[in-house]
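Here is the structure we will look at, set down as structure tokens.
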Amino acid sequence: MNELRRSRIAGKAVAVDGHDIDTDRIFPARRMRCVTFDGLGAYAFEDARRRAGGRHPFDDPARADARVLLVDGNFGCGSSREHAPQALLRWNRGIQAIVGESFAQIFFGNCVAIGIPCVSAAPEDLRKLKRAAAADPSLEVVVDLETMDVSAGPLRIPVVMPESARHRLRTGRWDSVSELLEGKKEVESAAAGLPLIGE
Amino acid sequence: MGTTLYDKVFDAHAVRPLESGQTQVFMDVHLVHEVTSPQAFGMLRERGLGVAHPERTFATCDHILPTSSLRRPFEDPVADRMMAELETNCGRHGIRYLSPDRGEQGILHVVGPELGLTQPGMTICCGDSHTSTHGAFGAIAFGIGTTQVRDVLATQTLALEKLRVRRIEVEGRLGPGVYAKDVALFVIQRLGVHAGSGFATEFGGGTIDAFTMEERMTLCNMAIEGGATCGYVNPDAVTFDYLRGREYAPKGDAWARAVARWTSMRSDPDARYDDVVRLAAEDIEPMVTWGITPAQSTAVTAPLPAFSADLAEAFEHMGFAPGRPLRGQPIDVAFIGSCTNARSSDLEEVALRLRKSGRKVRPGVRALVVPGSQKVRERLVAAGLDRVFLDAGFEFREAGCSMCLAMNPDKLVGREICASSSNRNFKGRQGSDQGRTLLMSPVMVAAAAVSGCVEDAREVFA
């Protein structure tokens, strides 16, 4: 059994509503003044949480051990900062999967690179899922990359994700560096055909 | 059926297919900065890996630098530590570090082109989403996360999927006082902030062919604000003229070979695109954002949209009334800078208008000019334009990212409203979670600075 496989993630859900939530909002730039990712979880959605005065979903005691994040469209747009998904991964028990309408491309790639599947659902299905999760904080939400659906109690909704990302997560090979290193010989022969810098 | 530049460049750099269905792709140039690289170098150390191609890796410090003084140590010990970490990592791995001490520093997306590092047909990546800027040269350039920064340091490659290609064609002549920034904001307003996802954007058409390199950089810089990780313009004589003689540009016999190669990388006239959008330059006016995404903008002459549920959060945050014009809206801060609009031509255009009009910054407005690089700054100083800014009441600061993202001491305070030539008006972007950002061209920022409120620069500097 490969412990890196991410084919089925189960846990309680926490929802953050709103389209176009950018990575500055997920993780404010001032907190990027650091040289490691350690301890960044405390700053996830920091500004919104402060404004909400304890009423933000990330401060809801009933959601404190949530592992599945429910969002809307174009989540993670803007800056390429990996600090954003790293902070989600390090928040409390750690967000392990994200379900939304759509994701910004760089954010999506950053999530896959650290083993967080982001799956997309139709808006109507997403509404049903959020309604179910809102009604029962203890509801277990299961993100299944084998069957490509998300289930919660009697509800089961289909989800999609690009096949390459799905493959990486299911096989546990989401950290690409080993595979890229294996191509060393081919890399050097490809490089030989390209102009040098400052030739 | 012809091929696009995107596909040609991708194929020329394809190393091998990967098991996931992605392709291992070689990166010609990797740009590195202090914020998104320390963890990547840390990951290398953990795995005992080195840097595969230090000669293709270039670094500088831009996000965290204070723009009041570059004297070390900085007042902020964390900023100083981040800069020291970058210097150490560069030294250890033999990476060229563009140092403030040698006058080489600046925002990466300003200094890369300045050095002639950014060339047509290249693949360029950087742990910064505004890497799309380099597409102005007909390079495929895009932002990556820190784990990918590690991948590129270790292997000079990335696991990528080919994007689809959308051509955005702008035809016609822009009116006076309408700039590349306005074209960028107009495109995003029309298509939205997510439309570019999954696409590379090819910008073309007569309007863009007529752009200078710096204008093309402004346009490609904001491709990411429309959701496209990379935007590009096909290289032409304007591109080649810009590059000739720059430090890393090919010299001697290599120059002619390079031009031939660059020319061959252009999209074929019969290239097939996955989507084509056509826009008319005549429809574009000076643009101003009024909300919390770069798509929430309006022509300065037009009223804000009517209220709708989708816009509720933006109206609430900004405190603006739906249906009213933004013109006349008082501002607190004017910021001219960022990788979008802090190149020589941006600042010269503003200085010229200030000098000609004799207008001064309205009392009560804090106005900053932050050059994109030390070289840009030097050039302005040599032309005496720093005096023009200072005499008009602007602060003329050291090069850096400054108030674009407030990772340094340049920040908004409380509910301040900033007229800004930067690229993002996200909530909290400029350092105050209550702060408000109005994106516009540098000349429009100057008009707001001297008027004390949002104004139509075409009238202010008539």
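Chain labels follow the order of the structure tokens: the first chain is A, the next B, and so on; residue numbering restarts at 1 in every chain, and ligands are counted from 1 in their shown order.
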
Using DSSP on the backbone coordinates, identify the residues of region 48-102 of chain A assigned to alpha helix (DSSP H); present them as a ChimeraX atom specification. /A:48-52,83-90

Can you list, as JSON, numbers by chain, every protein, DNA or RNA residue that comes within 9 Å of region 221-224 of chain B when you count only C-alpha atoms, leaving out same-chain residues fewer than 5 positions away? {"A": [77, 78, 79], "B": [109, 129, 130, 131, 132, 133, 134, 135, 136, 142, 143, 181, 184, 185, 188, 193, 196, 197, 200, 201, 216, 229, 230, 231, 232, 339, 340, 423]}

List as a list in words the protein and nucleic acid residues near Gly138 (chain B), meaning an atom at most 10 Å away when only C-alpha atoms are counted, but skip any in the same chain fewer than 3 places from it.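 Once the adjacent positions are removed, what remains is Leu5, Tyr6, Val9, Thr118, Gln119, Pro120, Gly121, Met122, Thr123, His134, Gly135, Ala141, Glu202, Gly231, Tyr232, Val233, Asn234, Pro235, Asp236, Thr239, Trp262, Thr263, Met265, Arg266 and Ser267 of chain B.
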
Write the residues of the preceding selection, restricted to N, CA and C atoms, as an mmCIF file, in the first residue's frame.
```cif
data_model
loop_
_atom_site.group_PDB
_atom_site.id
_atom_site.type_symbol
_atom_site.label_atom_id
_atom_site.label_comp_id
_atom_site.auth_asym_id
_atom_site.auth_seq_id
_atom_site.Cartn_x
_atom_site.Cartn_y
_atom_site.Cartn_z
ATOM 1 N N LEU B 5 2.715 29.795 -32.224
ATOM 2 C CA LEU B 5 3.995 29.945 -31.529
ATOM 3 C C LEU B 5 3.997 29.086 -30.272
ATOM 4 N N TYR B 6 2.883 29.094 -29.554
ATOM 5 C CA TYR B 6 2.824 28.320 -28.308
ATOM 6 C C TYR B 6 3.198 26.859 -28.560
ATOM 7 N N VAL B 9 6.935 26.381 -29.572
ATOM 8 C CA VAL B 9 7.881 26.521 -28.451
ATOM 9 C C VAL B 9 7.758 25.315 -27.515
ATOM 10 N N THR B 118 15.276 37.704 -21.701
ATOM 11 C CA THR B 118 13.991 37.271 -22.240
ATOM 12 C C THR B 118 14.048 37.331 -23.752
ATOM 13 N N GLN B 119 13.949 36.192 -24.406
ATOM 14 C CA GLN B 119 14.073 36.150 -25.868
ATOM 15 C C GLN B 119 12.946 35.336 -26.498
ATOM 16 N N PRO B 120 12.661 35.610 -27.758
ATOM 17 C CA PRO B 120 11.603 34.874 -28.443
ATOM 18 C C PRO B 120 11.882 33.370 -28.435
ATOM 19 N N GLY B 121 10.822 32.602 -28.401
ATOM 20 C CA GLY B 121 10.950 31.153 -28.515
ATOM 21 C C GLY B 121 11.441 30.457 -27.272
ATOM 22 N N MET B 122 11.638 31.204 -26.198
ATOM 23 C CA MET B 122 12.126 30.596 -24.957
ATOM 24 C C MET B 122 10.978 30.087 -24.100
ATOM 25 N N THR B 123 11.317 29.172 -23.200
ATOM 26 C CA THR B 123 10.438 28.854 -22.079
ATOM 27 C C THR B 123 11.042 29.521 -20.846
ATOM 28 N N HIS B 134 6.913 38.208 -19.713
ATOM 29 C CA HIS B 134 7.983 37.903 -20.663
ATOM 30 C C HIS B 134 7.444 37.392 -21.997
ATOM 31 N N GLY B 135 6.159 37.025 -22.006
ATOM 32 C CA GLY B 135 5.512 36.610 -23.250
ATOM 33 C C GLY B 135 5.505 37.714 -24.297
ATOM 34 N N ALA B 141 6.018 32.013 -21.092
ATOM 35 C CA ALA B 141 6.501 32.373 -19.763
ATOM 36 C C ALA B 141 5.335 32.343 -18.792
ATOM 37 N N GLU B 202 -2.687 34.420 -27.062
ATOM 38 C CA GLU B 202 -1.873 35.114 -28.066
ATOM 39 C C GLU B 202 -2.532 36.458 -28.338
ATOM 40 N N GLY B 231 0.606 34.740 -21.552
ATOM 41 C CA GLY B 231 0.134 35.510 -22.684
ATOM 42 C C GLY B 231 1.349 35.837 -23.520
ATOM 43 N N TYR B 232 1.184 35.970 -24.831
ATOM 44 C CA TYR B 232 2.357 36.298 -25.645
ATOM 45 C C TYR B 232 1.985 37.101 -26.871
ATOM 46 N N VAL B 233 3.000 37.721 -27.435
ATOM 47 C CA VAL B 233 2.874 38.454 -28.695
ATOM 48 C C VAL B 233 3.912 37.849 -29.635
ATOM 49 N N ASN B 234 3.578 37.637 -30.881
ATOM 50 C CA ASN B 234 4.552 37.083 -31.831
ATOM 51 C C ASN B 234 5.708 38.058 -32.017
ATOM 52 N N PRO B 235 6.943 37.548 -32.050
ATOM 53 C CA PRO B 235 8.095 38.446 -32.181
ATOM 54 C C PRO B 235 8.185 39.037 -33.582
ATOM 55 N N ASP B 236 8.653 40.270 -33.648
ATOM 56 C CA ASP B 236 8.793 40.956 -34.928
ATOM 57 C C ASP B 236 9.975 41.923 -34.842
ATOM 58 N N THR B 239 10.543 43.643 -31.584
ATOM 59 C CA THR B 239 11.166 42.764 -30.587
ATOM 60 C C THR B 239 12.681 42.711 -30.801
ATOM 61 N N TRP B 262 14.116 32.966 -34.226
ATOM 62 C CA TRP B 262 12.991 33.678 -33.604
ATOM 63 C C TRP B 262 11.845 33.854 -34.602
ATOM 64 N N THR B 263 12.209 34.207 -35.822
ATOM 65 C CA THR B 263 11.185 34.445 -36.836
ATOM 66 C C THR B 263 10.417 33.154 -37.127
ATOM 67 N N MET B 265 9.651 30.933 -35.172
ATOM 68 C CA MET B 265 8.785 30.562 -34.047
ATOM 69 C C MET B 265 7.422 31.259 -34.098
ATOM 70 N N ARG B 266 7.292 32.249 -34.963
ATOM 71 C CA ARG B 266 6.013 32.982 -35.043
ATOM 72 C C ARG B 266 4.863 32.030 -35.393
ATOM 73 N N SER B 267 3.675 32.345 -34.930
ATOM 74 C CA SER B 267 2.504 31.573 -35.349
ATOM 75 C C SER B 267 2.371 31.667 -36.860
#
```

If you run DSSP over the backbone, which residues in region 226-360 of chain B end up strand (DSSP E)? Put them as a PDB file with C-alpha atoms, in the first residue's frame.
```
ATOM      1  CA  CYS B 230       0.790  32.867 -20.062  1.00  0.00           C
ATOM      2  CA  GLY B 231       0.134  35.510 -22.684  1.00  0.00           C
ATOM      3  CA  TYR B 232       2.357  36.298 -25.645  1.00  0.00           C
ATOM      4  CA  VAL B 233       2.874  38.454 -28.695  1.00  0.00           C
ATOM      5  CA  ASP B 275     -10.703  30.370 -29.772  1.00  0.00           C
ATOM      6  CA  VAL B 276     -10.457  33.822 -31.340  1.00  0.00           C
ATOM      7  CA  VAL B 277     -11.752  37.052 -29.796  1.00  0.00           C
ATOM      8  CA  ARG B 278     -11.808  40.268 -31.804  1.00  0.00           C
ATOM      9  CA  LEU B 279     -11.916  43.694 -30.190  1.00  0.00           C
ATOM     10  CA  ALA B 280     -11.887  47.207 -31.628  1.00  0.00           C
ATOM     11  CA  MET B 287     -10.247  52.321 -17.671  1.00  0.00           C
ATOM     12  CA  VAL B 288     -10.558  52.322 -13.884  1.00  0.00           C
ATOM     13  CA  THR B 289     -11.351  49.374 -11.655  1.00  0.00           C
ATOM     14  CA  SER B 297     -13.770  48.050 -14.112  1.00  0.00           C
ATOM     15  CA  THR B 298     -15.387  50.813 -16.078  1.00  0.00           C
ATOM     16  CA  ALA B 299     -14.397  53.450 -18.595  1.00  0.00           C
ATOM     17  CA  VAL B 333      -2.738  57.579  -2.198  1.00  0.00           C
ATOM     18  CA  ALA B 334      -1.361  57.532  -5.749  1.00  0.00           C
ATOM     19  CA  PHE B 335       1.036  54.693  -6.591  1.00  0.00           C
ATOM     20  CA  ILE B 336       2.963  54.597  -9.858  1.00  0.00           C
TER      21      ILE B 336
END
```

Please identify all polymer residues within 7 Å of region 30-34 of chain B, counting only C-alpha atoms, omitting same-chain residues fewer than 5 positions from it, and present them as an NGL selection string. :B and (56-62 or 82-83 or 86 or 124-127)

Counting only C-alpha atoms, a student should be able to say which residues of chain A come within 7 Å of chain B; what is the right answer, written as an MDAnalysis selection string? chainID A and resid 24:25 29:30 32:33 35:36 47 74 78:82 104:106 110 113 164 167:168 177 180:181 186:187 190 197:199

Which is closest to Pro85 (chain A) among A:Asp144, A:Glu182, A:Glu163, A:Asp22, if we use only C-alpha atoms? A:Asp22
